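The next block is input37.txt, given as compact mmCIF, C-alpha atoms.
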```txt
# COMPACT_ATOMS: atom_id res chain seq x y z
CA MET Y 1 0.00 0.00 0.00
CA ALA Y 2 1.33 3.43 -0.98
CA ILE Y 3 0.06 5.17 2.16
CA ALA Y 4 -0.22 4.22 5.82
CA MET Y 5 -3.12 1.90 6.67
CA LYS Y 6 -4.34 4.32 9.33
CA ILE Y 7 -4.50 7.18 6.82
CA ALA Y 8 -6.28 4.99 4.30
CA SER Y 9 -8.82 4.12 7.00
CA HIS Y 10 -9.21 7.77 7.99
CA ILE Y 11 -9.78 8.79 4.36
CA SER Y 12 -12.62 6.30 4.06
CA LYS Y 13 -14.25 7.81 7.16
CA SER Y 14 -13.25 11.39 6.49
CA SER Y 15 -15.24 14.54 6.25
CA TRP Y 16 -18.72 14.35 4.79
CA ILE Y 17 -18.42 18.12 4.36
CA ARG Y 18 -15.73 17.85 1.72
CA ARG Y 19 -17.38 14.84 0.13
CA MET Y 20 -20.62 16.72 -0.39
CA PHE Y 21 -18.80 19.83 -1.58
CA GLU Y 22 -17.15 17.71 -4.27
CA GLU Y 23 -20.56 16.29 -5.22
CA GLY Y 24 -21.63 19.90 -5.72
CA GLU Y 25 -18.83 20.44 -8.20
CA ARG Y 26 -20.09 17.48 -10.22
CA LEU Y 27 -23.69 18.70 -10.13
CA ARG Y 28 -22.73 22.23 -11.17
CA GLN Y 29 -21.04 20.83 -14.25
CA GLU Y 30 -24.10 18.74 -15.01
CA VAL Y 31 -27.04 21.12 -14.48
CA GLY Y 32 -25.51 24.58 -14.10
CA ALA Y 33 -24.39 26.50 -11.02
CA ASP Y 34 -27.63 28.46 -10.65
CA LYS Y 35 -29.63 25.23 -10.25
CA VAL Y 36 -27.44 23.77 -7.46
CA TYR Y 37 -28.11 24.78 -3.85
CA ASP Y 38 -24.92 24.06 -1.94
CA PHE Y 39 -25.20 24.31 1.86
CA THR Y 40 -22.20 22.11 2.66
CA LEU Y 41 -19.18 24.23 3.49
CA GLY Y 42 -18.73 26.82 6.24
CA ASN Y 43 -16.91 29.14 3.86
CA PRO Y 44 -18.04 32.75 4.51
CA ASP Y 45 -19.54 34.52 1.49
CA VAL Y 46 -19.05 37.98 3.03
CA GLU Y 47 -15.96 40.09 2.53
CA PRO Y 48 -13.61 41.14 5.36
CA PRO Y 49 -14.39 44.41 7.17
CA GLU Y 50 -13.29 47.61 5.41
CA ALA Y 51 -10.65 48.14 8.08
CA PHE Y 52 -8.84 45.03 6.84
CA GLY Y 53 -8.42 46.50 3.35
CA ARG Y 54 -7.21 49.81 4.75
CA GLU Y 55 -4.60 48.13 6.95
CA LEU Y 56 -3.47 45.85 4.12
CA LEU Y 57 -3.03 48.80 1.76
CA ALA Y 58 -1.18 50.83 4.39
CA LEU Y 59 1.22 47.97 5.08
CA ALA Y 60 1.82 47.37 1.36
CA GLN Y 61 2.56 51.05 0.76
CA ASN Y 62 4.71 51.44 3.87
CA PRO Y 63 6.43 48.08 4.44
CA LEU Y 64 8.21 47.60 7.74
CA PRO Y 65 11.90 46.65 7.55
CA GLY Y 66 12.27 42.88 7.99
CA MET Y 67 8.51 42.33 8.03
CA HIS Y 68 8.78 39.01 6.18
CA ARG Y 69 11.51 37.47 8.33
CA TYR Y 70 11.18 34.85 11.03
CA MET Y 71 9.93 36.03 14.39
CA ASN Y 72 9.63 34.58 17.89
CA ASN Y 73 7.91 31.18 17.58
CA ALA Y 74 5.01 32.47 19.65
CA GLY Y 75 4.44 35.33 17.19
CA TYR Y 76 5.06 39.06 17.13
CA ALA Y 77 5.03 40.60 20.60
CA GLU Y 78 2.81 43.49 19.50
CA THR Y 79 0.23 41.13 17.98
CA ARG Y 80 0.15 38.92 21.05
CA SER Y 81 -0.20 42.02 23.24
CA SER Y 82 -3.12 43.22 21.13
CA VAL Y 83 -4.86 39.85 21.43
CA ALA Y 84 -4.13 39.75 25.16
CA SER Y 85 -5.62 43.21 25.65
CA LYS Y 86 -8.84 42.14 23.95
CA LEU Y 87 -8.99 38.96 26.03
CA SER Y 88 -8.40 40.98 29.21
CA VAL Y 89 -11.39 43.19 28.42
CA ASP Y 90 -13.60 40.22 27.53
CA SER Y 91 -12.63 38.10 30.54
CA GLY Y 92 -12.07 40.69 33.24
CA LEU Y 93 -8.72 39.03 33.97
CA THR Y 94 -5.20 40.23 33.28
CA VAL Y 95 -4.10 38.33 30.19
CA GLY Y 96 -0.55 39.04 29.05
CA ALA Y 97 1.28 38.53 25.77
CA GLU Y 98 3.04 35.61 27.49
CA HIS Y 99 -0.31 33.78 27.56
CA VAL Y 100 -0.84 34.00 23.77
CA ILE Y 101 0.63 32.15 20.78
CA MET Y 102 -0.27 33.13 17.21
CA THR Y 103 -1.11 30.03 15.18
CA CYS Y 104 -2.01 28.78 11.72
CA GLY Y 105 -5.74 28.98 12.33
CA ALA Y 106 -7.80 27.22 14.97
CA GLY Y 107 -6.91 23.82 13.52
CA GLY Y 108 -3.23 24.56 14.03
CA ALA Y 109 -3.95 25.83 17.53
CA LEU Y 110 -5.88 22.69 18.47
CA ASN Y 111 -3.08 20.44 17.27
CA VAL Y 112 -0.53 22.47 19.22
CA VAL Y 113 -2.58 22.20 22.42
CA LEU Y 114 -3.20 18.47 22.02
CA LYS Y 115 0.47 17.75 21.30
CA THR Y 116 1.41 19.77 24.38
CA ILE Y 117 -0.85 18.01 26.86
CA LEU Y 118 -1.51 14.45 25.65
CA ASN Y 119 0.30 11.31 26.69
CA PRO Y 120 -0.36 8.19 24.60
CA GLY Y 121 -3.73 6.61 25.39
CA GLU Y 122 -5.14 9.59 27.27
CA GLU Y 123 -8.72 10.55 26.55
CA VAL Y 124 -10.29 13.71 25.19
CA ILE Y 125 -14.04 14.19 25.59
CA ILE Y 126 -15.78 15.64 22.54
CA LEU Y 127 -19.41 16.72 22.73
CA ALA Y 128 -21.80 15.35 20.12
CA PRO Y 129 -22.67 16.79 17.72
CA TYR Y 130 -19.01 17.67 17.13
CA PHE Y 131 -16.74 18.93 14.36
CA VAL Y 132 -15.49 15.70 12.82
CA GLU Y 133 -11.85 16.78 12.54
CA TYR Y 134 -11.56 16.71 16.35
CA LYS Y 135 -11.27 12.93 16.23
CA PHE Y 136 -8.40 13.04 13.75
CA TYR Y 137 -6.60 15.82 15.64
CA ILE Y 138 -6.78 13.79 18.85
CA ASP Y 139 -5.49 10.70 17.05
CA ASN Y 140 -2.60 12.76 15.64
CA HIS Y 141 -1.15 12.97 19.14
CA GLY Y 142 -1.87 9.49 20.47
CA GLY Y 143 -5.08 10.41 22.24
CA VAL Y 144 -8.43 8.63 22.34
CA PRO Y 145 -11.63 10.58 21.54
CA VAL Y 146 -14.60 9.90 23.81
CA ALA Y 147 -17.92 11.17 22.47
CA VAL Y 148 -20.48 12.42 25.00
CA TRP Y 149 -23.88 13.64 23.87
CA THR Y 150 -25.22 17.06 24.67
CA ASP Y 151 -28.92 17.33 25.54
CA HIS Y 152 -30.80 15.74 22.61
CA ASP Y 153 -33.55 18.37 22.60
CA THR Y 154 -31.54 21.58 23.16
CA PHE Y 155 -27.93 20.62 22.34
CA GLN Y 156 -26.90 22.27 25.61
CA LEU Y 157 -24.20 20.80 27.86
CA ASP Y 158 -25.18 17.70 29.82
CA ILE Y 159 -22.83 18.14 32.78
CA ASP Y 160 -23.94 14.89 34.43
CA ALA Y 161 -23.12 12.92 31.27
CA ILE Y 162 -19.73 14.63 31.01
CA GLU Y 163 -18.94 13.88 34.65
CA LYS Y 164 -19.87 10.21 34.20
CA ALA Y 165 -17.58 9.97 31.17
CA ILE Y 166 -14.53 11.27 33.06
CA THR Y 167 -11.98 8.59 33.93
CA THR Y 168 -8.44 8.60 35.28
CA LYS Y 169 -7.33 8.82 31.63
CA THR Y 170 -9.34 11.96 30.80
CA ARG Y 171 -6.96 14.77 29.87
CA ALA Y 172 -9.19 17.34 28.16
CA ILE Y 173 -12.68 18.30 27.04
CA ILE Y 174 -13.21 20.18 23.78
CA ILE Y 175 -16.16 22.59 23.61
CA CYS Y 176 -17.27 24.87 20.78
CA SER Y 177 -19.60 27.82 21.42
CA PRO Y 178 -21.36 29.02 19.33
CA ASN Y 179 -21.35 25.45 18.22
CA ASN Y 180 -20.55 23.90 14.88
CA PRO Y 181 -22.89 22.32 13.77
CA THR Y 182 -25.83 23.38 16.00
CA GLY Y 183 -25.28 27.11 16.48
CA VAL Y 184 -26.14 26.98 20.20
CA ILE Y 185 -24.32 29.14 22.75
CA TYR Y 186 -23.39 27.57 26.09
CA PRO Y 187 -24.46 29.95 28.88
CA ALA Y 188 -22.12 31.10 31.63
CA GLU Y 189 -24.01 29.06 34.25
CA SER Y 190 -23.33 25.79 32.41
CA LEU Y 191 -19.67 26.60 31.85
CA LYS Y 192 -19.20 27.56 35.49
CA HIS Y 193 -20.86 24.28 36.55
CA LEU Y 194 -18.42 22.40 34.34
CA GLY Y 195 -15.51 24.42 35.76
CA ASP Y 196 -16.60 23.65 39.31
CA VAL Y 197 -16.79 19.91 38.56
CA LEU Y 198 -13.26 19.91 37.11
CA LYS Y 199 -11.88 22.05 39.92
CA ASN Y 200 -13.31 19.65 42.52
CA ILE Y 201 -11.72 16.69 40.72
CA HIS Y 202 -8.38 18.50 40.65
CA GLN Y 203 -8.52 19.44 44.33
CA ARG Y 204 -9.62 15.97 45.36
CA SER Y 205 -7.20 13.89 43.29
CA GLY Y 206 -4.66 16.21 41.66
CA HIS Y 207 -6.09 15.20 38.26
CA LEU Y 208 -5.89 18.24 35.94
CA ILE Y 209 -8.39 18.22 33.07
CA TYR Y 210 -8.17 20.99 30.50
CA VAL Y 211 -11.15 22.56 28.77
CA ILE Y 212 -10.17 23.54 25.23
CA SER Y 213 -12.61 26.17 24.02
CA ASP Y 214 -12.78 26.26 20.22
CA GLU Y 215 -14.12 29.76 19.46
CA PRO Y 216 -14.00 30.75 15.76
CA TYR Y 217 -17.66 31.85 15.93
CA ALA Y 218 -17.48 33.73 19.24
CA ARG Y 219 -18.24 37.10 17.63
CA ILE Y 220 -21.15 35.78 15.57
CA ALA Y 221 -24.07 35.84 18.01
CA PHE Y 222 -27.65 36.87 17.28
CA ASP Y 223 -30.61 38.53 18.97
CA GLY Y 224 -28.38 40.48 21.35
CA LYS Y 225 -27.00 37.27 22.87
CA HIS Y 226 -23.54 37.20 24.42
CA VAL Y 227 -20.90 34.48 24.18
CA PRO Y 228 -19.37 34.23 27.67
CA ASN Y 229 -15.60 34.26 27.96
CA ILE Y 230 -14.49 30.96 29.45
CA PHE Y 231 -11.53 32.22 31.51
CA PRO Y 232 -13.50 33.44 34.57
CA LEU Y 233 -15.66 30.29 34.49
CA VAL Y 234 -13.19 27.41 33.98
CA GLU Y 235 -9.78 27.78 35.57
CA SER Y 236 -8.09 25.02 33.56
CA SER Y 237 -9.09 26.52 30.19
CA VAL Y 238 -7.33 27.23 26.92
CA ILE Y 239 -8.91 29.23 24.10
CA VAL Y 240 -8.20 28.24 20.49
CA THR Y 241 -9.63 30.33 17.69
CA SER Y 242 -9.12 31.84 14.26
CA HIS Y 243 -10.17 34.91 12.33
CA SER Y 244 -11.62 32.74 9.55
CA LYS Y 245 -15.21 33.58 10.44
CA ASP Y 246 -15.26 36.86 12.39
CA LEU Y 247 -12.99 38.66 9.87
CA ALA Y 248 -13.93 36.39 6.91
CA LEU Y 249 -10.31 35.31 6.38
CA PRO Y 250 -10.50 31.50 6.14
CA GLY Y 251 -7.85 31.26 3.44
CA GLU Y 252 -5.30 33.23 5.45
CA ARG Y 253 -5.01 30.64 8.25
CA ILE Y 254 -4.50 33.10 11.08
CA GLY Y 255 -5.53 32.38 14.66
CA TYR Y 256 -4.20 32.01 18.17
CA LEU Y 257 -4.27 30.02 21.36
CA ALA Y 258 -4.43 31.58 24.81
CA ALA Y 259 -3.96 30.02 28.23
CA ASN Y 260 -6.06 31.11 31.19
CA PRO Y 261 -3.79 33.30 33.35
CA SER Y 262 -5.55 31.93 36.46
CA MET Y 263 -4.26 28.43 35.72
CA ALA Y 264 -1.36 27.61 38.02
CA THR Y 265 0.43 25.73 35.24
CA ALA Y 266 -0.20 28.39 32.55
CA LEU Y 267 3.42 29.36 31.92
CA GLN Y 268 4.62 25.75 31.90
CA PHE Y 269 1.83 24.95 29.43
CA MET Y 270 2.86 27.92 27.25
CA GLU Y 271 6.49 26.78 27.19
CA GLY Y 272 5.35 23.39 25.93
CA ALA Y 273 2.97 24.95 23.40
CA VAL Y 274 5.65 27.21 21.89
CA PHE Y 275 7.85 24.13 21.45
CA SER Y 276 4.97 22.15 19.93
CA ASN Y 277 4.13 24.98 17.54
CA ARG Y 278 7.69 24.76 16.20
CA VAL Y 279 8.16 21.02 15.94
CA LEU Y 280 4.75 20.36 14.40
CA GLY Y 281 6.03 22.39 11.46
CA PHE Y 282 3.70 25.37 11.85
CA VAL Y 283 6.76 27.29 13.20
CA ASN Y 284 5.04 30.68 12.96
CA ALA Y 285 1.65 32.02 11.99
CA PRO Y 286 1.80 34.01 8.70
CA ALA Y 287 3.77 37.20 9.32
CA LEU Y 288 1.68 39.54 7.18
CA MET Y 289 -1.59 38.40 8.76
CA GLN Y 290 -0.13 38.79 12.24
CA ARG Y 291 0.66 42.42 11.44
CA LEU Y 292 -2.85 43.02 10.17
CA VAL Y 293 -4.97 41.34 12.84
CA ALA Y 294 -3.05 43.13 15.57
CA LYS Y 295 -5.08 46.23 14.65
CA LEU Y 296 -8.37 44.42 14.02
CA GLN Y 297 -9.16 42.84 17.37
CA ASP Y 298 -12.30 44.96 17.78
CA GLU Y 299 -13.48 44.43 14.19
CA SER Y 300 -15.96 41.87 12.88
CA VAL Y 301 -18.06 41.12 9.83
CA ASP Y 302 -21.62 42.44 9.86
CA ILE Y 303 -23.56 39.69 11.65
CA ALA Y 304 -26.93 41.20 10.67
CA ASP Y 305 -26.50 39.57 7.25
CA TYR Y 306 -26.10 36.13 8.84
CA GLN Y 307 -29.04 36.69 11.19
CA ASP Y 308 -31.23 37.65 8.23
CA LYS Y 309 -30.32 34.42 6.42
CA ARG Y 310 -30.89 32.38 9.57
CA ASP Y 311 -34.36 33.85 10.01
CA LEU Y 312 -35.26 33.28 6.36
CA LEU Y 313 -34.29 29.61 6.50
CA VAL Y 314 -35.68 28.87 9.97
CA ASN Y 315 -39.06 30.44 9.17
CA SER Y 316 -39.27 28.85 5.72
CA LEU Y 317 -38.19 25.35 6.71
CA THR Y 318 -40.23 25.13 9.90
CA GLY Y 319 -43.20 26.24 7.82
CA MET Y 320 -42.57 23.22 5.59
CA GLY Y 321 -42.52 20.87 8.59
CA PHE Y 322 -38.81 20.62 9.38
CA SER Y 323 -37.90 20.57 13.08
CA MET Y 324 -34.81 22.29 14.51
CA VAL Y 325 -33.31 24.21 17.40
CA LYS Y 326 -33.10 27.88 16.44
CA PRO Y 327 -29.38 28.73 16.59
CA ASP Y 328 -28.04 31.57 18.73
CA GLY Y 329 -24.94 32.15 16.61
CA ALA Y 330 -22.45 30.84 14.03
CA PHE Y 331 -24.00 30.18 10.60
CA TYR Y 332 -25.38 26.65 10.74
CA LEU Y 333 -28.75 24.95 11.18
CA PHE Y 334 -28.95 21.36 12.43
CA PRO Y 335 -32.49 20.09 11.76
CA LYS Y 336 -33.81 16.62 12.47
CA SER Y 337 -33.83 14.36 9.45
CA PRO Y 338 -37.36 13.54 8.25
CA LEU Y 339 -36.04 10.06 7.40
CA ALA Y 340 -34.64 7.73 10.04
CA ASP Y 341 -31.46 7.42 7.97
CA ASP Y 342 -29.94 10.89 7.62
CA VAL Y 343 -27.58 9.71 4.87
CA GLU Y 344 -30.56 8.55 2.81
CA PHE Y 345 -32.23 11.91 3.39
CA VAL Y 346 -29.13 13.74 2.15
CA LYS Y 347 -29.16 11.53 -0.96
CA LEU Y 348 -32.84 12.38 -1.45
CA ALA Y 349 -31.99 16.09 -1.18
CA GLN Y 350 -29.43 15.67 -3.97
CA LYS Y 351 -32.28 14.69 -6.30
CA HIS Y 352 -33.57 18.22 -5.76
CA HIS Y 353 -30.03 19.64 -6.21
CA ILE Y 354 -29.82 20.55 -2.52
CA LEU Y 355 -26.45 19.67 -1.01
CA LEU Y 356 -26.36 19.01 2.74
CA VAL Y 357 -24.13 17.19 5.23
CA PRO Y 358 -25.60 14.23 7.16
CA GLY Y 359 -25.55 14.36 10.95
CA ALA Y 360 -23.53 11.14 10.92
CA GLY Y 361 -20.60 13.30 9.82
CA PHE Y 362 -20.82 15.09 13.18
CA GLY Y 363 -21.34 12.02 15.33
CA ALA Y 364 -25.09 12.70 15.35
CA PRO Y 365 -27.11 10.36 13.11
CA GLY Y 366 -30.68 11.47 12.58
CA PHE Y 367 -29.85 15.11 11.83
CA PHE Y 368 -28.36 17.09 8.96
CA ARG Y 369 -26.37 20.34 8.71
CA ILE Y 370 -27.11 23.42 6.66
CA ALA Y 371 -24.35 26.04 6.27
CA TYR Y 372 -26.11 29.31 5.44
CA CYS Y 373 -23.01 31.46 4.91
CA VAL Y 374 -24.07 31.61 1.26
CA ASP Y 375 -25.60 34.17 -1.06
CA LYS Y 376 -29.11 35.09 0.09
CA ALA Y 377 -30.34 34.95 -3.51
CA MET Y 378 -29.32 31.26 -3.63
CA ILE Y 379 -31.30 30.60 -0.44
CA GLU Y 380 -34.34 32.26 -1.99
CA ARG Y 381 -33.94 30.28 -5.25
CA SER Y 382 -33.67 27.06 -3.25
CA LEU Y 383 -36.97 27.39 -1.40
CA PRO Y 384 -39.16 25.69 -4.07
CA ALA Y 385 -36.69 22.78 -4.11
CA TRP Y 386 -36.86 22.60 -0.28
CA SER Y 387 -40.65 22.52 -0.50
CA ALA Y 388 -40.57 19.65 -3.00
CA LEU Y 389 -38.03 17.80 -0.84
CA ALA Y 390 -40.18 18.24 2.27
CA LYS Y 391 -43.20 16.74 0.48
CA GLU Y 392 -41.21 13.80 -0.87
CA ALA Y 393 -39.82 13.16 2.61
CA GLY Y 394 -43.36 13.01 4.04
CA LEU Y 395 -43.47 16.36 5.82
CA SER Y 396 -46.61 18.45 5.89
CA GLY Y 397 -46.10 22.16 6.50
```
Can I see the file as structure tokens?
Amino acid sequence: MAIAMKIASHISKSSWIRRMFEEGERLRQEVGADKVYDFTLGNPDVEPPEAFGRELLALAQNPLPGMHRYMNNAGYAETRSSVASKLSVDSGLTVGAEHVIMTCGAGGALNVVLKTILNPGEEVIILAPYFVEYKFYIDNHGGVPVAVWTDHDTFQLDIDAIEKAITTKTRAIIICSPNNPTGVIYPAESLKHLGDVLKNIHQRSGHLIYVISDEPYARIAFDGKHVPNIFPLVESSVIVTSHSKDLALPGERIGYLAANPSMATALQFMEGAVFSNRVLGFVNAPALMQRLVAKLQDESVDIADYQDKRDLLVNSLTGMGFSMVKPDGAFYLFPKSPLADDVEFVKLAQKHHILLVPGAGFGAPGFFRIAYCVDKAMIERSLPAWSALAKEAGLSG
């Protein structure tokens, strides 16, 4: 075999998101792009804020000496200080540049954290529905993923279920709020409850369990809702995030990780993370993007556009008989599948040129994901096809 057996196995089980996106490419060739309704990929259709263009132009016209050279493996000090200042305001704690590492997106940050903390065979709890890449990231570093369901009706944290899943091998819990794929926000009360449980375990047995908070959607919250900062709520917490969604820069691969300054082992963790960032081959986050995002920590895309699309789809689809939890943020819907087999339902949707991702791809059979970070005109064009799909699937709106 030309590639490792493990990789061959992973490929066969790999992301439904990419698989369905590729199916969309085939359909577009066959019937025309305007007749294909692709809701598969969380790839923002909006442009970055105007401030991004201004800063990019200013830097291009007035380049800094040595701006493309290597820097400290943790990133530029001024960028880390800018991120730390924003985190200090959001958390109410004193976060310093020494608590921040600039990374190649949230995926890079997650791999750095997992390499830093995991010993072979240790467990990482992931909360279903979950972003499927978590399992592969954990495996990258010798860990074992343990899936624990959130509440089946609300997708909120089930603290009792999490506590029951904790063993002497548990090393970390990954959370994502607003969540991909459900769009729910975990309230401060739930996060504090989780933090209290983990703190009690640590005090009782010396067993430190990290909470890794994956936050690329933290600035995309609707209806005046607020995404609580995890630092005051969970002492043993690490934030990983990117500017792929809030600044609409997914192709630039710029993000960061930050350790809770209240964590007694924060500086030891950071020393390990800087080393891991280097030896994993990320080495540094892109230099140009580091310069730019340093001045954009208070910027964000216009979330009103996403909220408008959410409302259009939620109102239209529920009117057709689909059932779902109305999301508080991000740009995903996660309705129940009208068919018992969500993969079969996704195949049925393809007949109507609607491209979706089955819930099985997120560890949640019986659901499907819609990414609505797409052109509103496409959503509007798709509604007759959704109506026909609903009828064929046996729904009555």
Nearest to Lys309 (chain Y), chosen from Y:Ala294, Y:Ala285, Y:Cys373, Y:Val325, with all atoms listed in the file counted in the distances: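 Smallest distance to Lys309 (chain Y) is found for Y:Cys373.
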Two-atom distance - CA of Leu41 (chain Y), CA of Val227 (chain Y) (Å):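 Atom-to-atom, CA of Leu41 (chain Y) and CA of Val227 (chain Y) are spaced 23.2 Å apart.
Among Y:Tyr76, Y:Phe345, Y:Tyr372, Y:Phe231, the residue with the shortest atom-to-atom distance to Asn43 (chain Y), counting all atoms listed in the file, is Y:Tyr372.
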Pick from Y:Arg381, Y:Lys86, Y:Arg26, Y:Lys164 nearest to Glu299 (chain Y), counting all atoms listed in the file: Y:Lys86
Selected residue of minimal separation from Glu25 (chain Y) among Y:Arg204, Y:Arg310, Y:Leu157, Y:Thr40, counting only C-alpha atoms: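 Selected residue with least distance to Glu25 (chain Y): Y:Thr40.
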Shell of 12 Å around Gly66 (chain Y), all atoms listed in the file, local chain residues under 5 positions omitted, as a PyMOL selection string: chain Y and resi 71+287-288
Gap from CA of Ala109 (chain Y) to CA of Gly255 (chain Y) - Å, one decimal: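 Value for the CA of Ala109 (chain Y)-CA of Gly255 (chain Y) distance: 7.3 Å.
With CA of Ala360 (chain Y) on one side and CA of Phe131 (chain Y) on the other, the separation reads 10.9 Å.
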Shell of 8 Å around region 34-37 of chain Y, all atoms listed in the file, local chain residues under 3 positions omitted, as a count of residues only: 10
Point (-40.5, 26.5, 6.4), cut-off 12 Å, counting all atoms listed in the file, residues as a ChimeraX atom specification: /Y:310-324,335,380,382-391,395-397
Top pick for closest residue to Val346 (chain Y), considering Y:Tyr217, Y:Tyr70, Y:Phe39, Y:Tyr306 and counting only C-alpha atoms: Y:Phe39
Long-range neighbours of Tyr137 (chain Y) as a PyMOL selection string, 12 Å cut-off, all atoms listed in the file, 5 positions minimum in chain: chain Y and resi 10+106-115+118+124+126+131-132+142-145+174
May I have the residues within 8 Å of Met263 (chain Y) as a compact mmCIF listing (two decimals) with C-alpha atoms, keeping the file's coordinate frame, using all atoms listed in the file and disregarding those fewer than 3 positions away in the same chain?
```
# COMPACT_ATOMS: atom_id res chain seq x y z
CA GLU Y 235 -9.78 27.78 35.57
CA SER Y 236 -8.09 25.02 33.56
CA SER Y 237 -9.09 26.52 30.19
CA ALA Y 259 -3.96 30.02 28.23
CA ASN Y 260 -6.06 31.11 31.19
CA ALA Y 266 -0.20 28.39 32.55
```
Among listed residues Y:Val283, Y:Leu267, Y:Val46, Y:Ala364, nearest Ala147 (chain Y) (using all atoms listed in the file):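 Once distances to Ala147 (chain Y) are computed over all atoms listed in the file, the minimum belongs to Y:Ala364.
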Name the residues in contact with Leu247 (chain Y) at a cut-off of 12 Å, using all atoms listed in the file, excluding same-chain residues fewer than 2 positions from it; report them as a PDB file with C-alpha atoms, keeping the file's coordinate frame.
```
ATOM      1  CA  ASN Y  43     -16.910  29.140   3.860  1.00  0.00           C
ATOM      2  CA  PRO Y  44     -18.040  32.750   4.510  1.00  0.00           C
ATOM      3  CA  ASP Y  45     -19.540  34.520   1.490  1.00  0.00           C
ATOM      4  CA  VAL Y  46     -19.050  37.980   3.030  1.00  0.00           C
ATOM      5  CA  GLU Y  47     -15.960  40.090   2.530  1.00  0.00           C
ATOM      6  CA  PRO Y  48     -13.610  41.140   5.360  1.00  0.00           C
ATOM      7  CA  PRO Y  49     -14.390  44.410   7.170  1.00  0.00           C
ATOM      8  CA  GLU Y  50     -13.290  47.610   5.410  1.00  0.00           C
ATOM      9  CA  ALA Y  51     -10.650  48.140   8.080  1.00  0.00           C
ATOM     10  CA  PHE Y  52      -8.840  45.030   6.840  1.00  0.00           C
ATOM     11  CA  GLY Y  53      -8.420  46.500   3.350  1.00  0.00           C
ATOM     12  CA  PRO Y 216     -14.000  30.750  15.760  1.00  0.00           C
ATOM     13  CA  TYR Y 217     -17.660  31.850  15.930  1.00  0.00           C
ATOM     14  CA  ALA Y 218     -17.480  33.730  19.240  1.00  0.00           C
ATOM     15  CA  ARG Y 219     -18.240  37.100  17.630  1.00  0.00           C
ATOM     16  CA  ILE Y 220     -21.150  35.780  15.570  1.00  0.00           C
ATOM     17  CA  THR Y 241      -9.630  30.330  17.690  1.00  0.00           C
ATOM     18  CA  SER Y 242      -9.120  31.840  14.260  1.00  0.00           C
ATOM     19  CA  HIS Y 243     -10.170  34.910  12.330  1.00  0.00           C
ATOM     20  CA  SER Y 244     -11.620  32.740   9.550  1.00  0.00           C
ATOM     21  CA  LYS Y 245     -15.210  33.580  10.440  1.00  0.00           C
ATOM     22  CA  LEU Y 249     -10.310  35.310   6.380  1.00  0.00           C
ATOM     23  CA  PRO Y 250     -10.500  31.500   6.140  1.00  0.00           C
ATOM     24  CA  GLY Y 251      -7.850  31.260   3.440  1.00  0.00           C
ATOM     25  CA  GLU Y 252      -5.300  33.230   5.450  1.00  0.00           C
ATOM     26  CA  ARG Y 253      -5.010  30.640   8.250  1.00  0.00           C
ATOM     27  CA  ILE Y 254      -4.500  33.100  11.080  1.00  0.00           C
ATOM     28  CA  GLY Y 255      -5.530  32.380  14.660  1.00  0.00           C
ATOM     29  CA  MET Y 289      -1.590  38.400   8.760  1.00  0.00           C
ATOM     30  CA  LEU Y 292      -2.850  43.020  10.170  1.00  0.00           C
ATOM     31  CA  VAL Y 293      -4.970  41.340  12.840  1.00  0.00           C
ATOM     32  CA  LYS Y 295      -5.080  46.230  14.650  1.00  0.00           C
ATOM     33  CA  LEU Y 296      -8.370  44.420  14.020  1.00  0.00           C
ATOM     34  CA  GLN Y 297      -9.160  42.840  17.370  1.00  0.00           C
ATOM     35  CA  ASP Y 298     -12.300  44.960  17.780  1.00  0.00           C
ATOM     36  CA  GLU Y 299     -13.480  44.430  14.190  1.00  0.00           C
ATOM     37  CA  SER Y 300     -15.960  41.870  12.880  1.00  0.00           C
ATOM     38  CA  VAL Y 301     -18.060  41.120   9.830  1.00  0.00           C
ATOM     39  CA  ASP Y 302     -21.620  42.440   9.860  1.00  0.00           C
ATOM     40  CA  ILE Y 303     -23.560  39.690  11.650  1.00  0.00           C
TER      41      ILE Y 303
END
```
